[in-house]
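One structure is given here, and the rest of the page talks about it.
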Amino acid sequence: MNDTAKYFSNLIDLLLLEKQEELRQFQELMQSTSVSQRVEMGICWHPLRIVETGFGFGDYPFAVLERTRAKELPHQFSAGKPVVLFSSDPDSPDAVKAVIQYVNGDQLKLVFFMNDEPELLDWAKLGVILMPDENAFKEQEAALNLISNAKNCRLAELRDVLLLNSPALEEEIERPELPNYFNESQKAAVSRILGAQDVLLVHGPPGTGKTTTLVEAASKLIEQGEQILLCAPSNAAADWLAIKAKEKGMQVLRIGNIARIDENLESITVEGTLKTHPQYSDIKGFRKQSAELRRMAGKYKRQFGKAEREQRKLILQEAKSIGNEARMLEDYLIESIINDAQIICCTLMGANHRLLKDIEFETVIIDEAAQSPEPACWVPILKAKRLVLAGDPFQLPPTVKSEEAANKGLTVTLMEKLLNKVPTQLLNHQYRMNKQIMEFSNRWFYEGKLIAHDDVADWKLNNEQVVSFIDTAGSGWEESLSSESKSVSNLGEAEFLHNLVLSFIEGQKSRNLSVGIISPYKQQTELIRNLFTDFNAVDGVAIDIQTVDSFQGQERDAVFVSLVRSNSDNQIGFLKDYRRMNVAMTRAKKKLVVIGDSATLANDRFYAAFIEYTEEISAYHSVWEFDQFNKNS
C-alpha cells in the first residue's frame, strides 16, 4: 500500500470509529433511558400536539408539531437533523423517519419523504426523537475511496497538491476592480483566488469580512464564465452563503434536502425554481391526467371479466406513459435550471446530491473549512478543478464523539494541515470589535497581524469599560459536577453574573443593544438561564444565554463569559482548548466581561497571559469590588 492509499485508509478507519461511537452512544441511550429521561436530556419531545399538516414544496407531506410539556427544558433539535416520529414507543415498527425543517420556540416542522401523510399522525401520544445520520458516513467513505484510487486525472493532481506531494501553483494577475470598502487584504484574497491554479486558503479571523470576500471572488469568477460550487459544513452556513450571493445579484441555486433548507430560500431551490418555470403547468397537467386515469382504473375489480381486465390494463399503461412524460419533462427542466445557475450552494454532503452527479466545477469554494471534518471536505473536492478553503483554524474545531478518533487526529482539519504550507491569504482588517477586545486574541492566535478598522476600533457603550476580567478568587464559589449531565456549574458565579448583567442593563441609556451570556459548560448556561425570569429579553434588551459552541458565527454588543472552574486541584478541563475561548471573547463588539477564579485559571499559560493582559490595560478587578458580590454574600 503506497503512502496515498495509507493516508485515506487511515481517514476511513477514523471515520468508522466515529460512526461506531455515535451508534454506540445512541443504542446505549435508548437501552438505558425512558422517554421522560430523553425529554430531560433534550433529545426527545413528548407528548406533542399537531398544529398543522399538509404538503410542502417538493409535494412531500409535512407536520408542524408543538411540545405540550417540559417547555422550559433546553433541547438539541435544529433544522436538518434526522428524527423518528413515534406514538408511545420509539422502537415501534410504526415509527416514521423524518427530517426537521425548522424549530421555532416550542414548535418544529417535520418533512416526511413519502407520497402520503403517515398514518401515525392520526394516533395519540406522539413524540419525536433525534436519530444518528448514517448516510453521511457512507457518503464520506465513498468519497475517500474514490479520491484515493484516482489516477491520471485532474482529481489525482489536486489530491497530490493537497497531500503536499506536489507544489501548489498560482499566477499573479492584475487586480480586478473591487468595491471601495474592500481593504488591501480582501483585495489580495480576491486576486489570489482568481490566480490560483490549484488551491488557495483564505484565513479569516472573526469579523474580517470572509464571506463578503468569498462572494465577491465568486462574482469575478462568474464574469469569466465559470459556474461555482459554494459549500459549507452546515445547512445554516450554506443558507447564509446563498443569501449573500443572491444579494450580490448572482443567479443562485440552493441544492440539498428540501427539509433542511430555510423556507425563506424556497424561491432559489430546485423545487421552488421549477414551480415558477413556464412549463411547470404542463408537468402538473400530465400528473393530473395520470392520477385521474389511475382512479378510473381503480373502478375495475379483479373479479370483472376478461374485457374489463384488459381495459384496466390499457388505462394503467396510459397513466404510466403520461407519468413518464411528466418525469421526462421535469428532468429536462431541472437540467436546464442547474445549467443556468451561476452559483450552486450546498452543504459538504450536499455536493454529492444526485442532481450534481457527474458535474465538475472549475472552482469549488468551501467556507468554514476549519470547522469541517476532513473526510467531509473531500466530498465536494471530488468535483473541483481548483479549490478555495476559507475559515479560521483558531476557532472551534469539528465536533468528534469518538475520543479514540479525536486522539488519532480526526479533529485536525484539512485547512489546519495546509495553513501556510500552500498559498494562504490572511484577512487582517476586522470590522466587529473594539481594539481592546481584539488585542489579546490578536497577540495569542494571529501574531499581532490584525488591525481594528477605524469604524470599530474605539466604539463602546456609554462610558463603560470595554474589557473586564472579574476575579472570583477567595469568594468561596466552587464548581460542582452534575451526576446526570456530567457537566460543571458554579452557582455563586452564576448568581453574581445574573446581578451584574441586570445592573449593566439598568445603567444603559439605550435599550437598542444585544447581550450575550456565554459559558463553555452547558450546565452553567442552564443555571444562568433559570435565574432570569425571561432570558430572551430583560427590560427590552435582547439577551442570549448559550454555550460557546452555540455562539460561533454570532456577535453581540456586550458579552459576559462565565468560566466556571474553581477547584483546589487547578483542573480546568476543556478550557484547555484555547480556541473555545477565542470564540467566546470575539463575539463581543463593544464590551467584554470575563468572570473566573484566578487561583484555578492562572496556573495555565493561556489564562495567565489573559489576566496579565487585563492588568496591562487596567481591566483587572476583584469580585470584592462589586456591590453584586455583597448581594450574594
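By convention in this document, the chains of the C-alpha cells carry letters A, B, ... by their order, each chain's residues are numbered from 1, and ligands are numbered from 1 in the order they are shown.
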Could you pull the residues within 10 Å of range 2-16 of chain A, counting only C-alpha atoms, minus those fewer than 6 positions along the same chain, as a PyMOL selection string?
-> chain A and resi 22+137-138+140-149+159-160+163+165+373-376+400+402+404-410
Write to file, as a compact mmCIF listing (two decimals), in the first residue's frame, the residues of the selection just made, with C-alpha atoms.
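Full text of result-v6.txt as output:
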# COMPACT_ATOMS: atom_id res chain seq x y z
CA GLU A 22 -22.17 7.58 17.51
CA PHE A 137 -20.78 8.35 6.89
CA LYS A 138 -21.44 6.26 3.78
CA GLN A 140 -17.75 10.29 3.12
CA GLU A 141 -16.31 6.77 2.92
CA ALA A 142 -17.26 6.52 -0.75
CA ALA A 143 -15.60 9.87 -1.47
CA LEU A 144 -12.39 8.87 0.31
CA ASN A 145 -12.17 5.63 -1.70
CA LEU A 146 -12.76 7.46 -4.99
CA ILE A 147 -10.11 10.08 -4.38
CA SER A 148 -7.62 7.54 -3.06
CA ASN A 149 -7.91 5.49 -6.26
CA ARG A 159 -5.19 15.38 -4.37
CA ASP A 160 -1.39 15.27 -4.59
CA LEU A 163 -1.31 15.98 0.42
CA ASN A 165 3.27 15.81 -2.59
CA PRO A 373 -14.05 17.26 9.49
CA GLU A 374 -11.51 16.37 6.82
CA PRO A 375 -13.43 13.37 5.39
CA ALA A 376 -16.43 15.62 4.72
CA VAL A 400 -15.98 14.46 17.23
CA SER A 402 -15.15 9.23 19.46
CA GLU A 404 -10.15 7.47 20.10
CA ALA A 405 -10.78 9.04 16.70
CA ALA A 406 -10.13 12.51 18.14
CA ASN A 407 -6.86 11.40 19.71
CA LYS A 408 -5.80 9.87 16.39
CA GLY A 409 -6.40 13.11 14.52
CA LEU A 410 -9.98 13.34 13.30
Among range 275-509 of chain A, which ones does DSSP place in strand (DSSP E or B), written as a VMD selection string?
-> chain A and resid 343 to 347 361 to 366 384 to 391 424 to 426 429 to 430 451 to 452 467 to 471 480 to 481 488 to 489
Residues near range 339-347 of chain A, cut-off 6 Å, only C-alpha atoms, skip fewer than 4 positions along chain, as number ranges by chain | A: 227-235, 238, 242, 251-255
Residues near Pro82 in chain A, cut-off 8 Å, only C-alpha atoms, skip fewer than 3 positions along chain, as a ChimeraX atom specification | /A:97-100,130-133
Any chance you could export the current selection's C-alpha atoms as a PDB file, in the first residue's frame?
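Result file follows (out.pdb):
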ATOM      1  CA  LYS A  97     -38.455   8.672   9.893  1.00  0.00           C
ATOM      2  CA  ALA A  98     -38.470  12.390   9.090  1.00  0.00           C
ATOM      3  CA  VAL A  99     -36.207  15.442   8.882  1.00  0.00           C
ATOM      4  CA  ILE A 100     -36.621  18.689  10.816  1.00  0.00           C
ATOM      5  CA  LEU A 130     -33.241  12.576  17.373  1.00  0.00           C
ATOM      6  CA  MET A 131     -31.502   9.853  15.337  1.00  0.00           C
ATOM      7  CA  PRO A 132     -27.929   9.297  14.094  1.00  0.00           C
ATOM      8  CA  ASP A 133     -27.338  10.169  10.421  1.00  0.00           C
TER       9      ASP A 133
END
Of the residues A:Ser32, A:Ser336, A:Gln425, A:Ser475, which is the one nearest to Thr213 in chain A, using only C-alpha atoms?
-> A:Gln425
Determine which residues of range 392-586 of chain A receive a DSSP assignment of alpha helix (DSSP H), computed from the backbone, and state them as a ChimeraX atom specification.
-> /A:403-407,414-418,435-445,491-506,522-531,548-551,578-585
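CA of Ser622 in chain A is positioned 20.1 Å from CA of Asn463 in chain A.
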Could you give me, as a PyMOL selection string, the residues within 8 Å of Lys125 in chain A, counting only C-alpha atoms and dropping anything in the same chain fewer than 3 positions from it?
-> chain A and resi 46-48+87-88
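Proximity to His498 in chain A at 7 Å, evaluated using only C-alpha atoms and with sequence-adjacent residues fewer than 4 positions away removed, yields Ala494, Leu502, Ile528 and Leu531 of chain A.
As for CA of Thr614 in chain A and CA of Asp597 in chain A, they are spaced 14.1 Å apart.
CA of Met585 in chain A lies 18.1 Å from CA of Phe504 in chain A.
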